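So this one's protein.txt, compact mmCIF, C-alpha atoms:
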```txt
# COMPACT_ATOMS: atom_id res chain seq x y z
CA MET A 578 71.55 121.31 89.31
CA THR A 579 75.30 121.89 89.27
CA GLN A 580 76.48 125.17 90.68
CA SER A 581 80.08 126.23 90.10
CA ASN A 582 82.01 127.82 92.89
CA SER A 583 85.51 127.90 94.33
CA PHE A 584 87.58 127.40 97.48
CA ILE A 585 91.20 128.10 98.37
CA LEU A 586 93.64 125.17 98.58
CA ASP A 587 97.16 126.10 99.74
CA GLY A 588 96.63 129.58 98.30
CA ALA A 589 95.31 128.42 94.91
CA THR A 590 91.73 128.92 93.77
CA ILE A 591 90.04 125.57 93.08
CA PRO A 592 86.65 125.50 91.32
CA TYR A 593 84.16 122.88 92.45
CA THR A 594 80.70 121.56 91.71
CA ASN A 595 78.15 120.61 94.37
CA GLU A 596 78.72 116.91 93.76
CA GLN A 597 82.48 117.08 94.37
CA THR A 598 84.41 116.46 97.56
CA ILE A 599 87.58 118.47 98.27
CA ILE A 600 89.88 115.77 96.87
CA GLN A 601 87.73 115.37 93.73
CA ALA A 602 87.80 119.10 93.03
CA ALA A 603 91.55 119.23 93.73
CA MET A 604 92.26 116.28 91.41
CA ALA A 605 90.09 117.82 88.69
CA ALA A 606 92.20 120.98 89.00
CA GLY A 607 95.40 118.92 88.78
CA VAL A 608 96.36 119.40 92.43
CA TYR A 609 97.62 116.32 94.23
CA ILE A 610 96.48 115.43 97.74
CA PRO A 611 98.15 112.22 99.00
CA HIS A 612 95.68 109.34 99.36
CA LEU A 613 95.58 105.55 99.42
CA CYS A 614 92.07 104.25 100.14
CA TYR A 615 90.47 106.76 97.79
CA ASN A 616 89.90 105.67 94.20
CA PRO A 617 87.93 108.08 92.00
CA GLU A 618 85.87 105.19 90.63
CA PHE A 619 84.45 104.26 94.02
CA LYS A 620 82.60 105.81 96.89
CA PRO A 621 85.11 107.26 99.40
CA HIS A 622 85.97 104.98 102.30
CA GLY A 623 87.64 107.66 104.45
CA SER A 624 89.81 105.20 106.36
CA CYS A 625 93.47 105.72 105.44
CA LYS A 626 93.49 109.39 106.53
CA LEU A 627 96.36 110.17 104.15
CA CYS A 628 94.19 112.80 102.46
CA THR A 629 93.61 114.68 105.72
CA VAL A 630 93.57 118.45 105.22
CA LYS A 631 93.14 121.32 107.64
CA ILE A 632 90.16 123.66 107.58
CA LYS A 633 89.93 126.40 110.23
CA GLY A 634 92.31 124.45 112.44
CA ARG A 635 90.31 121.23 112.16
CA GLN A 636 91.57 118.13 110.40
CA VAL A 637 89.17 116.41 108.02
CA ALA A 638 89.45 113.70 105.38
CA SER A 639 89.35 115.52 102.04
CA CYS A 640 87.88 112.45 100.31
CA THR A 641 84.67 112.76 102.31
CA GLU A 642 84.49 116.51 103.06
CA LYS A 643 82.63 118.79 100.64
CA PRO A 644 84.07 122.21 99.89
CA GLN A 645 82.22 125.44 100.54
CA ALA A 646 82.56 128.74 98.75
CA GLY A 647 85.63 130.63 99.92
CA MET A 648 86.69 127.84 102.30
CA VAL A 649 90.43 127.97 103.12
CA VAL A 650 92.03 124.52 102.99
CA GLU A 651 95.61 123.60 103.92
CA SER A 652 97.09 120.42 102.49
CA ASN A 653 100.73 120.63 101.42
CA THR A 654 102.12 121.80 104.76
CA LYS A 655 104.99 120.43 106.83
CA GLU A 656 102.63 119.57 109.69
CA LEU A 657 100.24 117.53 107.53
CA ASN A 658 102.98 115.89 105.48
CA ASP A 659 104.80 114.86 108.68
CA GLU A 660 101.61 113.22 109.93
CA ARG A 661 101.00 111.56 106.56
CA ARG A 662 104.54 110.18 106.65
CA ASN A 663 103.85 108.78 110.12
CA LEU A 664 100.72 107.05 108.82
CA LEU A 665 102.74 105.53 105.98
CA GLN A 666 105.46 104.38 108.38
CA MET A 667 102.85 102.66 110.52
CA LEU A 668 101.44 100.91 107.44
CA PHE A 669 104.93 99.76 106.46
CA VAL A 670 105.80 98.24 109.86
CA GLU A 671 102.35 96.72 110.38
CA GLY A 672 102.62 94.48 107.32
CA ASN A 673 105.52 92.88 105.48
CA HIS A 674 106.51 95.33 102.78
CA PHE A 675 109.67 94.07 101.10
CA CYS A 676 109.77 96.08 97.90
CA PRO A 677 112.78 94.39 96.20
CA SER A 678 110.89 91.08 95.98
CA CYS A 679 107.43 92.51 95.25
CA GLU A 680 105.96 92.26 91.76
CA LYS A 681 104.09 95.52 92.33
CA SER A 682 107.25 97.52 93.03
CA GLY A 683 107.30 100.59 90.79
CA ASP A 684 103.54 100.39 90.28
CA CYS A 685 102.61 100.47 93.97
CA GLN A 686 100.71 103.45 95.32
CA LEU A 687 101.92 102.85 98.88
CA GLN A 688 105.53 102.89 97.71
CA ALA A 689 105.03 105.87 95.38
CA THR A 690 103.26 107.85 98.09
CA ALA A 691 106.11 107.09 100.50
CA TYR A 692 108.58 108.38 97.86
CA GLU A 693 106.44 111.47 97.40
CA LEU A 694 106.51 112.19 101.13
CA ASP A 695 110.27 111.47 101.45
CA MET A 696 109.84 108.49 103.74
CA MET A 697 113.48 107.50 104.28
CA SER A 698 112.86 104.87 106.94
CA PRO A 699 109.95 103.03 108.60
CA HIS A 700 110.95 104.72 111.91
CA PHE A 701 108.90 102.37 114.11
CA ASP A 702 109.65 98.80 115.21
CA HIS A 703 108.50 96.18 112.73
CA PHE A 704 105.67 93.79 113.57
CA TYR A 705 106.72 91.13 111.04
CA PRO A 706 103.27 89.51 111.11
CA ASP A 707 102.80 85.95 109.90
CA ARG A 708 100.34 86.10 107.00
CA PRO A 709 100.30 83.09 104.66
CA VAL A 710 99.65 83.78 100.98
CA ASP A 711 96.66 82.31 99.12
CA ALA A 712 97.85 80.79 95.84
CA SER A 713 94.80 78.54 95.45
CA HIS A 714 93.31 80.35 92.43
CA PRO A 715 94.65 79.29 89.02
CA ASP A 716 95.10 82.85 87.73
CA TYR A 717 95.53 85.09 90.77
CA LEU A 718 97.59 85.19 93.93
CA LEU A 719 96.73 86.91 97.20
CA ASP A 720 99.66 88.14 99.27
CA PHE A 721 98.06 89.41 102.47
CA ASN A 722 101.44 90.58 103.78
CA ARG A 723 101.02 93.79 101.81
CA CYS A 724 97.39 94.59 102.58
CA ILE A 725 96.77 98.15 103.81
CA LEU A 726 93.02 97.58 104.38
CA CYS A 727 91.99 100.22 101.85
CA SER A 728 88.97 98.02 101.03
CA ILE A 729 88.88 99.09 97.38
CA CYS A 730 88.74 95.40 96.36
CA VAL A 731 85.80 94.95 98.75
CA SER A 732 83.88 97.77 97.05
CA ALA A 733 84.83 96.61 93.56
CA SER A 734 83.74 93.04 94.13
CA ARG A 735 80.53 94.02 95.91
CA ASP A 736 79.42 97.05 93.87
CA VAL A 737 80.78 96.35 90.38
CA ASP A 738 81.24 92.59 90.11
CA GLY A 739 78.26 91.75 92.35
CA LYS A 740 80.26 88.89 93.88
CA ASN A 741 81.22 89.93 97.42
CA VAL A 742 84.48 88.02 97.21
CA PHE A 743 86.37 90.17 99.74
CA ALA A 744 85.62 91.62 103.17
CA LEU A 745 87.45 93.18 106.08
CA ALA A 746 87.14 91.12 109.27
CA GLY A 747 88.29 91.74 112.85
CA ARG A 748 88.66 95.09 114.55
CA GLY A 749 91.48 97.49 115.34
CA ILE A 750 94.93 95.93 115.00
CA ASN A 751 93.24 92.60 114.24
CA SER A 752 91.52 93.95 111.10
CA HIS A 753 92.37 91.86 108.09
CA LEU A 754 91.23 91.07 104.58
CA VAL A 755 89.26 87.83 104.23
CA VAL A 756 87.95 85.86 101.28
CA ASN A 757 84.27 85.06 101.33
CA SER A 758 84.20 81.30 100.76
CA LYS A 759 83.63 78.40 103.11
CA SER A 760 87.26 77.31 102.88
CA GLY A 761 88.51 80.90 102.94
CA ASP A 762 90.37 80.19 99.69
CA LEU A 763 90.11 82.40 96.62
CA ALA A 764 89.78 79.31 94.40
CA ASP A 765 86.42 78.54 96.05
CA THR A 766 84.87 81.88 95.09
CA GLY A 767 83.55 83.11 91.76
CA PHE A 768 86.57 85.45 91.43
CA SER A 769 87.86 85.76 87.86
CA ALA A 770 90.50 87.69 85.94
CA ASN A 771 87.79 89.85 84.34
CA ASP A 772 86.58 91.13 87.69
CA LYS A 773 86.99 94.78 88.58
CA ALA A 774 88.34 93.56 91.91
CA ALA A 775 91.24 91.95 90.04
CA GLN A 776 92.38 95.35 88.80
CA VAL A 777 92.09 97.79 91.66
CA CYS A 778 94.56 96.78 94.36
CA PRO A 779 96.82 99.82 94.98
CA VAL A 780 99.51 97.60 96.55
CA GLY A 781 100.81 94.09 95.86
CA VAL A 782 98.05 91.92 97.36
CA ILE A 783 95.94 90.87 94.35
CA LEU A 784 98.44 89.74 91.75
CA LYS A 785 97.97 88.14 88.37
CA LYS A 786 100.03 84.99 88.09
CA ARG A 787 102.77 84.46 85.49
CA VAL A 788 103.19 88.14 84.56
CA GLY A 789 105.37 89.32 87.45
CA PHE A 790 108.28 91.66 86.68
CA ALA A 791 107.22 91.80 83.01
CA ILE A 792 107.72 95.56 82.89
CA PRO A 793 111.39 96.46 83.26
CA ILE A 794 112.66 98.90 85.90
CA GLY A 795 112.59 102.36 84.37
CA GLU A 796 109.28 101.82 82.57
CA ARG A 797 106.97 101.18 85.51
CA SER A 798 104.16 103.59 86.47
CA PHE A 799 106.12 105.68 88.94
CA ASP A 800 109.64 105.35 87.54
CA GLU A 801 109.27 108.26 85.18
CA LYS A 802 106.97 110.54 87.12
CA PRO A 803 106.16 110.76 90.81
CA ILE A 804 102.64 109.89 91.95
CA SER A 805 101.86 113.60 92.37
CA ALA A 806 102.24 113.99 88.61
CA THR A 807 100.06 110.91 87.98
CA PRO A 808 96.77 111.96 89.59
CA HIS A 809 94.76 108.94 88.43
CA PRO A 810 97.27 106.13 88.56
CA THR A 811 96.21 103.15 86.55
CA VAL A 812 98.08 99.98 87.12
CA LYS A 813 100.22 98.72 84.29
CA GLY A 814 99.79 95.08 83.43
CA ALA A 815 96.66 94.66 85.56
CA MET B 1100 151.12 127.56 101.17
CA ASN B 1101 147.82 125.70 101.21
CA THR B 1102 146.96 123.99 104.47
CA PRO B 1103 145.75 120.48 103.67
CA VAL B 1104 142.05 120.06 104.44
CA LYS B 1105 141.42 117.69 107.34
CA LYS B 1106 139.87 114.60 105.86
CA LEU B 1107 136.68 113.18 107.34
CA ARG B 1108 137.12 109.69 108.72
CA VAL B 1109 134.61 107.16 107.41
CA ALA B 1110 133.96 103.58 108.55
CA THR B 1111 131.78 101.07 106.70
CA THR B 1112 130.58 97.57 107.44
CA SER B 1113 128.20 94.92 106.15
CA LEU B 1114 126.14 93.17 108.83
CA ALA B 1115 123.35 90.84 107.64
CA GLY B 1116 123.77 92.10 104.09
CA CYS B 1117 125.13 90.76 100.80
CA PHE B 1118 127.79 93.44 100.15
CA GLY B 1119 125.60 94.64 97.28
CA CYS B 1120 125.37 98.07 98.90
CA HIS B 1121 129.18 98.22 99.14
CA MET B 1122 129.38 97.26 95.46
CA SER B 1123 126.94 100.04 94.66
CA PHE B 1124 129.10 102.42 96.71
CA LEU B 1125 132.08 101.44 94.51
CA ASP B 1126 129.84 102.13 91.51
CA ILE B 1127 130.35 105.84 92.07
CA ASP B 1128 133.32 105.01 89.82
CA GLU B 1129 135.70 107.89 89.04
CA ARG B 1130 133.98 110.03 91.66
CA LEU B 1131 135.88 107.85 94.16
CA LEU B 1132 138.96 109.88 93.22
CA ALA B 1133 137.24 113.10 94.26
CA LEU B 1134 135.92 111.40 97.38
CA VAL B 1135 139.30 110.17 98.64
CA GLU B 1136 140.49 113.77 98.59
CA LEU B 1137 137.81 114.49 101.20
CA ILE B 1138 137.66 111.33 103.29
CA GLU B 1139 139.86 108.56 104.65
CA PHE B 1140 138.66 105.11 105.64
CA ASP B 1141 138.74 103.60 109.11
CA ARG B 1142 137.22 100.14 109.63
CA SER B 1143 135.84 98.93 106.32
CA PRO B 1144 135.97 95.89 104.04
CA LEU B 1145 138.02 98.22 101.80
CA THR B 1146 140.81 98.60 104.40
CA ASP B 1147 140.36 95.32 106.27
CA ILE B 1148 140.75 97.22 109.59
CA LYS B 1149 138.90 95.06 112.11
CA THR B 1150 137.81 97.56 114.78
CA CYS B 1151 136.21 100.97 114.45
CA GLY B 1152 138.03 104.00 115.86
CA PRO B 1153 136.61 107.51 116.28
CA CYS B 1154 134.97 108.50 112.97
CA ASP B 1155 132.92 111.31 111.49
CA ILE B 1156 130.69 109.05 109.43
CA GLY B 1157 129.73 105.38 109.82
CA ILE B 1158 127.94 103.56 107.02
CA ILE B 1159 126.10 100.36 107.86
CA GLU B 1160 124.87 97.87 105.29
CA GLY B 1161 122.62 94.99 106.36
CA GLY B 1162 120.34 94.27 109.29
CA LEU B 1163 120.90 92.38 112.52
CA CYS B 1164 120.71 88.59 112.32
CA ASN B 1165 123.14 87.59 115.07
CA ALA B 1166 124.81 88.79 118.27
CA GLU B 1167 127.98 89.89 116.49
CA ASN B 1168 125.94 92.18 114.20
CA VAL B 1169 124.56 93.91 117.31
CA HIS B 1170 128.07 94.22 118.81
CA VAL B 1171 129.50 95.78 115.63
CA LEU B 1172 126.53 98.13 115.29
CA ARG B 1173 127.01 99.37 118.86
CA GLU B 1174 130.75 99.80 118.22
CA PHE B 1175 129.93 101.97 115.21
CA ARG B 1176 127.36 104.02 117.13
CA ALA B 1177 129.84 104.60 119.96
CA ASN B 1178 132.54 105.78 117.55
CA CYS B 1179 130.75 107.57 114.70
CA THR B 1180 129.36 111.08 114.95
CA THR B 1181 126.96 110.44 112.07
CA LEU B 1182 125.58 106.98 111.39
CA ILE B 1183 123.99 106.10 108.04
CA ALA B 1184 121.80 103.06 107.33
CA LEU B 1185 122.60 101.95 103.78
CA GLY B 1186 120.10 99.84 101.87
CA ALA B 1187 116.92 97.86 102.39
CA CYS B 1188 118.31 95.27 104.86
CA ALA B 1189 119.64 97.91 107.26
CA ILE B 1190 116.34 99.76 107.01
CA ASN B 1191 113.72 97.00 107.26
CA GLY B 1192 115.60 93.71 107.58
CA GLY B 1193 115.28 93.01 103.86
CA LEU B 1194 115.75 89.54 102.43
CA PRO B 1195 117.20 87.97 105.63
CA ALA B 1196 114.04 89.10 107.49
CA GLN B 1197 111.99 86.74 105.30
CA ARG B 1198 112.82 84.14 107.95
CA ASN B 1199 111.04 86.14 110.65
CA HIS B 1200 107.76 84.24 110.49
CA LEU B 1201 109.56 80.94 111.06
CA ALA B 1202 110.84 79.68 114.41
CA LEU B 1203 114.65 79.69 114.57
CA THR B 1204 114.69 76.06 115.74
CA THR B 1205 112.62 75.05 112.69
CA ILE B 1206 115.08 76.81 110.37
CA LEU B 1207 118.18 75.27 111.97
CA GLU B 1208 116.55 71.83 111.93
CA GLU B 1209 115.67 72.22 108.27
CA VAL B 1210 119.09 73.50 107.23
CA TYR B 1211 121.26 71.06 109.22
CA HIS B 1212 119.05 68.00 109.83
CA ALA B 1213 115.87 67.54 107.90
CA GLN B 1214 116.66 68.81 104.43
CA HIS B 1215 116.80 66.18 101.71
CA GLY B 1216 120.30 64.79 101.25
CA LEU B 1217 121.61 65.51 104.77
CA VAL B 1218 122.81 62.57 106.83
CA ASP B 1219 123.36 62.92 110.58
CA GLY B 1220 124.02 66.62 110.34
CA PHE B 1221 124.32 68.59 113.57
CA ILE B 1222 123.68 72.24 114.33
CA PRO B 1223 127.08 74.02 114.59
CA ASN B 1224 127.70 75.02 118.21
CA ASP B 1225 131.31 76.25 118.30
CA PRO B 1226 131.49 79.00 120.95
CA GLU B 1227 133.28 81.20 118.37
CA LEU B 1228 130.13 81.34 116.27
CA PRO B 1229 127.86 84.32 117.00
CA LEU B 1230 124.42 83.23 118.15
CA PRO B 1231 121.60 83.92 115.69
CA LEU B 1232 118.85 86.26 116.85
CA ASN B 1233 115.30 84.95 117.00
CA GLN B 1234 114.32 87.43 114.31
CA VAL B 1235 116.22 89.69 111.93
CA HIS B 1236 115.86 93.36 112.83
CA PRO B 1237 116.64 96.65 111.11
CA ILE B 1238 119.38 98.67 112.79
CA HIS B 1239 117.22 101.63 113.85
CA GLU B 1240 115.47 99.30 116.29
CA VAL B 1241 118.72 99.04 118.30
CA VAL B 1242 120.66 102.32 117.96
CA LYS B 1243 119.83 105.82 116.77
CA ILE B 1244 120.40 106.23 113.04
CA ASP B 1245 120.98 109.72 111.66
CA TYR B 1246 120.36 109.16 107.95
CA PHE B 1247 118.87 106.45 105.75
CA ILE B 1248 119.63 105.64 102.11
CA PRO B 1249 116.95 103.18 100.94
CA GLY B 1250 117.30 100.85 97.97
CA CYS B 1251 118.27 97.28 97.11
CA PRO B 1252 120.88 98.40 96.54
CA PRO B 1253 120.71 102.20 96.70
CA SER B 1254 122.05 103.56 93.41
CA ALA B 1255 125.58 104.94 93.28
CA ASP B 1256 124.01 108.32 92.53
CA ALA B 1257 121.89 108.16 95.68
CA ILE B 1258 124.93 107.26 97.82
CA TRP B 1259 126.98 110.00 96.15
CA LYS B 1260 124.19 112.55 96.71
CA VAL B 1261 123.91 111.82 100.45
CA LEU B 1262 127.69 111.78 100.97
CA THR B 1263 128.28 115.01 99.05
CA ASP B 1264 125.37 116.69 100.84
CA LEU B 1265 126.85 115.68 104.20
CA LEU B 1266 130.40 116.69 103.22
CA ALA B 1267 129.08 120.08 102.13
CA GLY B 1268 127.19 120.50 105.40
CA ARG B 1269 123.77 120.22 103.75
CA GLU B 1270 120.83 118.17 104.97
CA PRO B 1271 120.81 115.14 102.62
CA GLU B 1272 117.86 115.00 100.28
CA LEU B 1273 117.17 112.38 97.59
CA GLY B 1274 113.95 113.25 95.76
CA HIS B 1275 112.26 111.55 92.82
CA GLY B 1276 114.43 109.12 90.89
CA LEU B 1277 116.98 108.69 93.67
CA ILE B 1278 114.68 107.49 96.44
CA HIS B 1279 113.93 103.83 95.74
CA TYR B 1280 112.99 100.91 97.96
CA ASP B 1281 113.88 98.32 95.33
```
Encoded form (structure tokens):
Amino acid sequence: MTQSNSFILDGATIPYTNEQTIIQAAMAAGVYIPHLCYNPEFKPHGSCKLCTVKIKGRQVASCTEKPQAGMVVESNTKELNDERRNLLQMLFVEGNHFCPSCEKSGDCQLQATAYELDMMSPHFDHFYPDRPVDASHPDYLLDFNRCILCSICVSASRDVDGKNVFALAGRGINSHLVVNSKSGDLADTGFSANDKAAQVCPVGVILKKRVGFAIPIGERSFDEKPISATPHPTVKGA
Amino acid sequence: MNTPVKKLRVATTSLAGCFGCHMSFLDIDERLLALVELIEFDRSPLTDIKTCGPCDIGIIEGGLCNAENVHVLREFRANCTTLIALGACAINGGLPAQRNHLALTTILEEVYHAQHGLVDGFIPNDPELPLPLNQVHPIHEVVKIDYFIPGCPPSADAIWKVLTDLLAGREPELGHGLIHYD
């Protein structure tokens, strides 16, 4: 049975149903909470921590936390946005994120979220990791340099496509995306252009070949409107 | 009689950059006329002055790919009250940093020895030449940077916005449409 109720998010009353998490109720009400590893089509992963909100002085991931009646939730505050910006800066220096040469630029949720949170510089020292690309597949390219370990492709391939093409391996700073084939190459999996996993990457890792830069600057997803005004960003050209 | 307003002194340079950010700066077009009423240039490719004197604002395009880049950056930091990183290369190394996953020796070998068509090439070693760094680095990893204008290049409007904010004593703010990493 669904019971309607409401909580307070940054002073606004947000209705919710028992099935919804805080971020789901906020999105349904048109209120943006920054997030990267959360995709409304999949079970929350709760790993990127961008969607962290504050409830009674405690920080929780709003993609996994359920609201309660009358609960007071802080999200769009200087303190939380400063911490979110720090998380983004760490993601930027940990990988190789060179937007001018990335096909996903303008359609990238990492980039758009960084714009939203006024990230003017990466602040930290760059790691410049060495991560070779996988161009083995005839139709798709994997550029691991841009992976933020959101694991949405892992869920999509496992839960929707039933193929288990992707996985996260290693721990801590050594965590990385791997391809589940003996050779480790995408070409040696059952991955295909029709897969859900081919369409969900929020950054520029899983790229369709031969369509790069097809959409001109000015017409890409986040050129016209910021990500906060595009609550369910769908990727153009995916 | 009107007392002439003291102009702010501005220095600019391009380190490991392509001068694209300077071109974008010139793209502020007729607003340059308003700007030169408020500022005067010290060291800059526009004046061809070779060393940086005491300045109010220093604008740095490009990252650090060799020892001279580091020297010039430190000269700017020592002389400029406010230092601005202009463009992607100054901020994250940009295109030149694409060499960072390769060993410097491999790159020099490839460029001067091994590449198809080269015969008996040698790696230039004139002491006048600045030594390349092992990796290309953004400038905030070496000196404190006060403001950043991202973009490849940043648009003329973004550069104009930051400069006019600073000249008016406001905290620079770009916002949607002006903040771009590409």
Tell me, counting all atoms listed in the file, for each residue of chain B within 12 Å of chain A, which pair of atoms is nearest and how far apart they are in Å to one decimal, in rows ordered by chain and increasing number, as CSV.
```
residue,atom,partner,partner_atom,distance
B:Ile1183,CA,A:Met697,CA,11.2
B:Ala1184,CA,A:Ser698,CA,9.1
B:Leu1185,CA,A:Ser698,CA,10.6
B:Gly1186,CA,A:Ser698,CA,10.2
B:Ala1187,CA,A:Pro677,CA,8.2
B:Cys1188,CA,A:Phe675,CA,9.5
B:Ala1189,CA,A:Ser698,CA,9.7
B:Ile1190,CA,A:Ser698,CA,6.2
B:Asn1191,CA,A:Pro699,CA,7.2
B:Gly1192,CA,A:Phe675,CA,8.8
B:Gly1193,CA,A:Phe675,CA,6.3
B:Leu1194,CA,A:Phe675,CA,7.7
B:Pro1195,CA,A:Phe675,CA,10.7
B:Ala1196,CA,A:Tyr705,CA,8.4
B:Gln1197,CA,A:Phe675,CA,8.8
B:Arg1198,CA,A:Tyr705,CA,9.8
B:Asn1199,CA,A:Tyr705,CA,6.6
B:His1200,CA,A:Asp707,CA,5.3
B:Leu1201,CA,A:Asp707,CA,8.5
B:Ala1202,CA,A:Asp707,CA,11.1
B:Gln1234,CA,A:Tyr705,CA,9.1
B:Val1235,CA,A:Tyr705,CA,9.6
B:His1236,CA,A:His703,CA,7.9
B:Pro1237,CA,A:His703,CA,8.3
B:Ile1238,CA,A:Asp702,CA,10.0
B:His1239,CA,A:His700,CA,7.3
B:Glu1240,CA,A:Asp702,CA,5.9
B:Val1241,CA,A:Asp702,CA,9.6
B:Val1242,CA,A:His700,CA,11.7
B:Lys1243,CA,A:His700,CA,10.2
B:Ile1244,CA,A:His700,CA,9.6
B:Asp1245,CA,A:Ser698,CA,10.6
B:Tyr1246,CA,A:Met697,CA,8.0
B:Phe1247,CA,A:Met697,CA,5.7
B:Ile1248,CA,A:Met697,CA,6.8
B:Pro1249,CA,A:Met697,CA,6.5
B:Gly1250,CA,A:Pro677,CA,8.1
B:Cys1251,CA,A:Pro677,CA,6.3
B:Pro1252,CA,A:Pro677,CA,9.0
B:Pro1253,CA,A:Pro677,CA,11.1
B:Val1261,CA,A:Met697,CA,11.9
B:Pro1271,CA,A:Met697,CA,10.7
B:Glu1272,CA,A:Asp695,CA,8.5
B:Leu1273,CA,A:Asp695,CA,8.0
B:Gly1274,CA,A:Asp695,CA,7.0
B:His1275,CA,A:Pro803,CA,6.5
B:Gly1276,CA,A:Asp800,CA,7.0
B:Leu1277,CA,A:Tyr692,CA,9.4
B:Ile1278,CA,A:Tyr692,CA,6.3
B:His1279,CA,A:Tyr692,CA,7.3
B:Tyr1280,CA,A:Cys676,CA,5.8
B:Asp1281,CA,A:Pro677,CA,4.2
```
Take the residues just selected and output them with C-alpha atoms as an mmCIF file, in the coordinates of the input.
```cif
data_model
loop_
_atom_site.group_PDB
_atom_site.id
_atom_site.type_symbol
_atom_site.label_atom_id
_atom_site.label_comp_id
_atom_site.auth_asym_id
_atom_site.auth_seq_id
_atom_site.Cartn_x
_atom_site.Cartn_y
_atom_site.Cartn_z
ATOM 1 C CA ILE B 1183 123.990 106.100 108.040
ATOM 2 C CA ALA B 1184 121.800 103.060 107.330
ATOM 3 C CA LEU B 1185 122.600 101.950 103.780
ATOM 4 C CA GLY B 1186 120.100 99.840 101.870
ATOM 5 C CA ALA B 1187 116.920 97.860 102.390
ATOM 6 C CA CYS B 1188 118.310 95.270 104.860
ATOM 7 C CA ALA B 1189 119.640 97.910 107.260
ATOM 8 C CA ILE B 1190 116.340 99.760 107.010
ATOM 9 C CA ASN B 1191 113.720 97.000 107.260
ATOM 10 C CA GLY B 1192 115.600 93.710 107.580
ATOM 11 C CA GLY B 1193 115.280 93.010 103.860
ATOM 12 C CA LEU B 1194 115.750 89.540 102.430
ATOM 13 C CA PRO B 1195 117.200 87.970 105.630
ATOM 14 C CA ALA B 1196 114.040 89.100 107.490
ATOM 15 C CA GLN B 1197 111.990 86.740 105.300
ATOM 16 C CA ARG B 1198 112.820 84.140 107.950
ATOM 17 C CA ASN B 1199 111.040 86.140 110.650
ATOM 18 C CA HIS B 1200 107.760 84.240 110.490
ATOM 19 C CA LEU B 1201 109.560 80.940 111.060
ATOM 20 C CA ALA B 1202 110.840 79.680 114.410
ATOM 21 C CA GLN B 1234 114.320 87.430 114.310
ATOM 22 C CA VAL B 1235 116.220 89.690 111.930
ATOM 23 C CA HIS B 1236 115.860 93.360 112.830
ATOM 24 C CA PRO B 1237 116.640 96.650 111.110
ATOM 25 C CA ILE B 1238 119.380 98.670 112.790
ATOM 26 C CA HIS B 1239 117.220 101.630 113.850
ATOM 27 C CA GLU B 1240 115.470 99.300 116.290
ATOM 28 C CA VAL B 1241 118.720 99.040 118.300
ATOM 29 C CA VAL B 1242 120.660 102.320 117.960
ATOM 30 C CA LYS B 1243 119.830 105.820 116.770
ATOM 31 C CA ILE B 1244 120.400 106.230 113.040
ATOM 32 C CA ASP B 1245 120.980 109.720 111.660
ATOM 33 C CA TYR B 1246 120.360 109.160 107.950
ATOM 34 C CA PHE B 1247 118.870 106.450 105.750
ATOM 35 C CA ILE B 1248 119.630 105.640 102.110
ATOM 36 C CA PRO B 1249 116.950 103.180 100.940
ATOM 37 C CA GLY B 1250 117.300 100.850 97.970
ATOM 38 C CA CYS B 1251 118.270 97.280 97.110
ATOM 39 C CA PRO B 1252 120.880 98.400 96.540
ATOM 40 C CA PRO B 1253 120.710 102.200 96.700
ATOM 41 C CA VAL B 1261 123.910 111.820 100.450
ATOM 42 C CA PRO B 1271 120.810 115.140 102.620
ATOM 43 C CA GLU B 1272 117.860 115.000 100.280
ATOM 44 C CA LEU B 1273 117.170 112.380 97.590
ATOM 45 C CA GLY B 1274 113.950 113.250 95.760
ATOM 46 C CA HIS B 1275 112.260 111.550 92.820
ATOM 47 C CA GLY B 1276 114.430 109.120 90.890
ATOM 48 C CA LEU B 1277 116.980 108.690 93.670
ATOM 49 C CA ILE B 1278 114.680 107.490 96.440
ATOM 50 C CA HIS B 1279 113.930 103.830 95.740
ATOM 51 C CA TYR B 1280 112.990 100.910 97.960
ATOM 52 C CA ASP B 1281 113.880 98.320 95.330
#
```
Task: Residue nearest Arg735 of chain A among A:Val710, A:Lys786, A:Ile750, A:Phe619 (counting all atoms listed in the file) - done: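 For Arg735 of chain A, the nearest of the candidates is A:Phe619.
From atom CA of Gly1162 of chain B back to atom CA of Ala791 of chain A, the distance works out to 29.5 Å.
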- [ ] Provide the atom CA of Lys620 of chain A to atom CA of Ala770 of chain A distance in Å, to one decimal place.
- [x] 22.6 Å
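Each of B:Val1109, B:Ile1127, B:Ile1148, B:Leu1114 was checked against Cys1164 of chain B using all atoms listed in the file; the smallest atom-to-atom distance is that of B:Leu1114.
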Task: Expected answer as a ChimeraX atom specification: all residues with atoms within 12 Å of (136.7, 117.7, 107.2), all atoms listed in the file - done: /B:1103-1109,1134-1139,1154-1156,1265-1268
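Going from atom CA of Asp716 of chain A over to atom CA of Thr690 of chain A, you cover 28.3 Å.
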Open item on the list: I need every residue sitting at most 10 Å from the point (91.4, 92.9, 88.5) (coordinates as in the file, only C-alpha atoms considered), written as number ranges by chain.
Closed with: A: 717, 730, 733-734, 768-778, 783-785, 812, 815
Open item on the list: Env of Ala1177 of chain B: 12 Å cut, atoms = only C-alpha atoms, seq-sep filter 2 positions within chain, self excluded. Answer as a PyMOL selection string.
Closed with: chain B and resi 1150-1157+1170-1175+1179-1182+1242-1244
- [ ] Would you please work out which residue, of B:Leu1217, B:Ile1206, B:Ala1133, B:Ile1159, is nearest to Thr1112 of chain B when using all atoms listed in the file?
- [x] B:Ile1159
